[in-house]
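What follows is one structure encoded as structure tokens, with my remarks underneath.
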Amino acid sequence: PESTWPSRPQLGPSSSSAEEAMLSRLQSHTRRLSSAALRPLAAPQSLSGQRQKSSFSRGDKIKASLMEQLKAAELKGWTPEEVKAALSMEIGSRGLEVLSEVNSLSLDVDEIYYNSPAGVLYEQALRYEEGSAIVDSGALAVKSGKKTGRSPLDKRIVFEEASADDVWWGKVNIKLDYKAFLTNRERAVDYLNTRKRLYVVDGYGGWDADYRVPVRVITSRAYHALFMQNMLVPPTEHELETGFHSPFVIMNAGVFPCNRQTEGMTSSTSIAVSFKRREM
């Protein structure tokens, strides 16, 4: 039976007026950029400190390419750095980078919501996930499905020479063949590619800068993204731009079952990690 699990209270969902205000700000940036194109000797204004939009699509890639060709011709008086800054006003350089990195994992969907504010994730859950509701405390309550908690007996760790001596093998940390991991990974990727939209969360596991691990979570459900924003340490805009490299990737396709005939599986649930690939 399905059960309802509330997440930690967050800020309330964004209203339509807030969305309109955000769109208005983005449109104002576009108007300023268009007018600046008529003044090739003027330098673009910096957008440092302003938040990038939280959703990106395939269309953004095409738009970025066209904008680059157009403005490179119009802004001949600008340096390459100034042209890049102008283009980032229109598209968001970080957004295009995230899209490219997600695509490199063989994931290709219509829309990606990246490090979205709590209000956006609330709205997404209420709109697309049946049974979601806001309770009187302000928390988002959702239906988790058949799995209502952890599945410790379904955890598997790929046996790899580099990490073999660092894992306490036994009833909890069970060995998994690399080929079986790739089979499960492909099944997860195939499922995620059937979704119209995905949610991506970047954060750090741990506070200490010397030991923390950059983590990227890719999931098909908005409430999973909201939950992981609670679990991970949010990076600053500066950290995302300069220091968030080679994250440990968690692909959450838990809505879809694994193939129980895959070697090493004991149920339709699989939590498999490869330390060499830095993937789960």
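Letters A, B, ... go to the chains of the structure tokens in the order shown; residues in each chain start at 1; ligands are counted from 1 in the same order.
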
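Every protein or nucleic acid residue with an atom no more than 10 Å from Val98 (chain A), counting only C-alpha atoms and leaving out same-chain residues fewer than 3 positions away, appears here: Phe56, Ser93, Arg94, Gly95, Glu101, Val102, Asn103, Ser104, Ile112, Tyr114, Val200 and Asp202 of chain A.
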
Leaving out Val109 (chain A) and any residue of its chain fewer than 3 positions from it, which residues lie within 12 Å of it when counting only C-alpha atoms, given as a PDB file with N, CA and C atoms, in the first residue's frame?
```pdb
ATOM      1  N   SER A  55      15.213  26.216 -15.001  1.00  0.00           N
ATOM      2  CA  SER A  55      14.872  25.173 -15.956  1.00  0.00           C
ATOM      3  C   SER A  55      15.498  25.474 -17.308  1.00  0.00           C
ATOM      4  N   PHE A  56      15.947  24.404 -17.975  1.00  0.00           N
ATOM      5  CA  PHE A  56      16.612  24.525 -19.259  1.00  0.00           C
ATOM      6  C   PHE A  56      16.107  23.424 -20.169  1.00  0.00           C
ATOM      7  N   SER A  57      16.057  23.694 -21.480  1.00  0.00           N
ATOM      8  CA  SER A  57      15.512  22.726 -22.418  1.00  0.00           C
ATOM      9  C   SER A  57      16.403  22.594 -23.641  1.00  0.00           C
ATOM     10  N   ARG A  58      16.038  21.626 -24.528  1.00  0.00           N
ATOM     11  CA  ARG A  58      16.769  21.466 -25.779  1.00  0.00           C
ATOM     12  C   ARG A  58      16.759  22.757 -26.580  1.00  0.00           C
ATOM     13  N   GLY A  59      15.626  23.456 -26.508  1.00  0.00           N
ATOM     14  CA  GLY A  59      15.505  24.700 -27.247  1.00  0.00           C
ATOM     15  C   GLY A  59      16.542  25.724 -26.843  1.00  0.00           C
ATOM     16  N   LEU A  99      23.285  21.125 -18.940  1.00  0.00           N
ATOM     17  CA  LEU A  99      22.635  20.364 -20.004  1.00  0.00           C
ATOM     18  C   LEU A  99      23.623  19.453 -20.711  1.00  0.00           C
ATOM     19  N   SER A 100      24.792  19.983 -21.038  1.00  0.00           N
ATOM     20  CA  SER A 100      25.810  19.207 -21.734  1.00  0.00           C
ATOM     21  C   SER A 100      26.295  18.041 -20.878  1.00  0.00           C
ATOM     22  N   VAL A 102      24.661  16.534 -18.412  1.00  0.00           N
ATOM     23  CA  VAL A 102      23.588  15.548 -18.288  1.00  0.00           C
ATOM     24  C   VAL A 102      23.477  14.727 -19.569  1.00  0.00           C
ATOM     25  N   ASN A 103      23.590  15.379 -20.713  1.00  0.00           N
ATOM     26  CA  ASN A 103      23.554  14.668 -21.987  1.00  0.00           C
ATOM     27  C   ASN A 103      24.691  13.664 -22.107  1.00  0.00           C
ATOM     28  N   LEU A 105      25.720  11.720 -20.004  1.00  0.00           N
ATOM     29  CA  LEU A 105      25.339  10.494 -19.290  1.00  0.00           C
ATOM     30  C   LEU A 105      24.325   9.684 -20.079  1.00  0.00           C
ATOM     31  N   SER A 106      24.100  10.062 -21.351  1.00  0.00           N
ATOM     32  CA  SER A 106      23.119   9.422 -22.249  1.00  0.00           C
ATOM     33  C   SER A 106      21.692   9.792 -21.871  1.00  0.00           C
ATOM     34  N   ILE A 112      14.925  20.330 -18.099  1.00  0.00           N
ATOM     35  CA  ILE A 112      15.650  20.035 -16.869  1.00  0.00           C
ATOM     36  C   ILE A 112      15.450  21.178 -15.890  1.00  0.00           C
ATOM     37  N   TYR A 113      15.078  20.839 -14.656  1.00  0.00           N
ATOM     38  CA  TYR A 113      14.966  21.820 -13.583  1.00  0.00           C
ATOM     39  C   TYR A 113      16.205  21.675 -12.713  1.00  0.00           C
ATOM     40  N   VAL A 189      18.753   4.618 -17.012  1.00  0.00           N
ATOM     41  CA  VAL A 189      18.856   5.682 -18.014  1.00  0.00           C
ATOM     42  C   VAL A 189      17.694   5.607 -18.995  1.00  0.00           C
ATOM     43  N   ASP A 190      17.350   4.399 -19.434  1.00  0.00           N
ATOM     44  CA  ASP A 190      16.236   4.225 -20.374  1.00  0.00           C
ATOM     45  C   ASP A 190      14.935   4.750 -19.772  1.00  0.00           C
ATOM     46  N   TYR A 191      14.730   4.466 -18.487  1.00  0.00           N
ATOM     47  CA  TYR A 191      13.510   4.962 -17.843  1.00  0.00           C
ATOM     48  C   TYR A 191      13.515   6.482 -17.758  1.00  0.00           C
ATOM     49  N   LEU A 192      14.619   7.050 -17.286  1.00  0.00           N
ATOM     50  CA  LEU A 192      14.683   8.509 -17.138  1.00  0.00           C
ATOM     51  C   LEU A 192      14.474   9.210 -18.477  1.00  0.00           C
ATOM     52  N   ASN A 193      14.904   8.576 -19.567  1.00  0.00           N
ATOM     53  CA  ASN A 193      14.721   9.169 -20.887  1.00  0.00           C
ATOM     54  C   ASN A 193      13.273   9.119 -21.372  1.00  0.00           C
ATOM     55  N   THR A 194      12.427   8.375 -20.683  1.00  0.00           N
ATOM     56  CA  THR A 194      11.000   8.380 -21.041  1.00  0.00           C
ATOM     57  C   THR A 194      10.258   9.540 -20.374  1.00  0.00           C
ATOM     58  N   ARG A 195      10.911  10.225 -19.448  1.00  0.00           N
ATOM     59  CA  ARG A 195      10.278  11.328 -18.733  1.00  0.00           C
ATOM     60  C   ARG A 195      10.360  12.607 -19.571  1.00  0.00           C
ATOM     61  N   LYS A 196       9.377  13.458 -19.432  1.00  0.00           N
ATOM     62  CA  LYS A 196       9.391  14.729 -20.144  1.00  0.00           C
ATOM     63  C   LYS A 196      10.344  15.716 -19.488  1.00  0.00           C
ATOM     64  N   ARG A 197      10.488  15.615 -18.180  1.00  0.00           N
ATOM     65  CA  ARG A 197      11.341  16.549 -17.436  1.00  0.00           C
ATOM     66  C   ARG A 197      12.093  15.800 -16.344  1.00  0.00           C
ATOM     67  N   LEU A 198      13.280  16.301 -16.024  1.00  0.00           N
ATOM     68  CA  LEU A 198      14.071  15.752 -14.934  1.00  0.00           C
ATOM     69  C   LEU A 198      14.482  16.882 -14.003  1.00  0.00           C
ATOM     70  N   TYR A 199      14.814  16.514 -12.776  1.00  0.00           N
ATOM     71  CA  TYR A 199      15.223  17.486 -11.763  1.00  0.00           C
ATOM     72  C   TYR A 199      16.658  17.177 -11.349  1.00  0.00           C
ATOM     73  N   ILE A 218      20.130  13.258 -10.048  1.00  0.00           N
ATOM     74  CA  ILE A 218      19.231  13.375 -11.203  1.00  0.00           C
ATOM     75  C   ILE A 218      18.033  12.492 -10.929  1.00  0.00           C
ATOM     76  N   THR A 219      16.856  13.081 -10.889  1.00  0.00           N
ATOM     77  CA  THR A 219      15.668  12.345 -10.495  1.00  0.00           C
ATOM     78  C   THR A 219      14.468  12.737 -11.327  1.00  0.00           C
ATOM     79  N   SER A 220      13.463  11.873 -11.336  1.00  0.00           N
ATOM     80  CA  SER A 220      12.264  12.121 -12.136  1.00  0.00           C
ATOM     81  C   SER A 220      11.142  12.755 -11.330  1.00  0.00           C
TER      82      SER A 220
END
```

Would you please give, as a list in words, all residues of region 166-270 of chain A that DSSP assigns to strand (DSSP E) based on the backbone?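 The strand (DSSP E) residues within region 166-270 of chain A come out as Ile174, Lys175, Leu176, Arg197, Leu198, Tyr199, Val200, Val201, Asp202, Gly203, Tyr204, Gly205, Val213, Pro214, Val215, Arg216, Val217, Ile218, Thr219, Phe248, Val249, Ile250, Met251 and Asn252 of chain A.
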
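You can rank A:Thr269, A:Ser274, A:Asn173, A:Asn252 by their closest distance to Lys146 (chain A) using only C-alpha atoms, and at the top of that list sits A:Thr269.
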
Between CA of Val215 (chain A) and CA of Lys143 (chain A), what is the distance in Å, rounded to a tenth?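 Here the two named atoms are 25.4 Å from each other.
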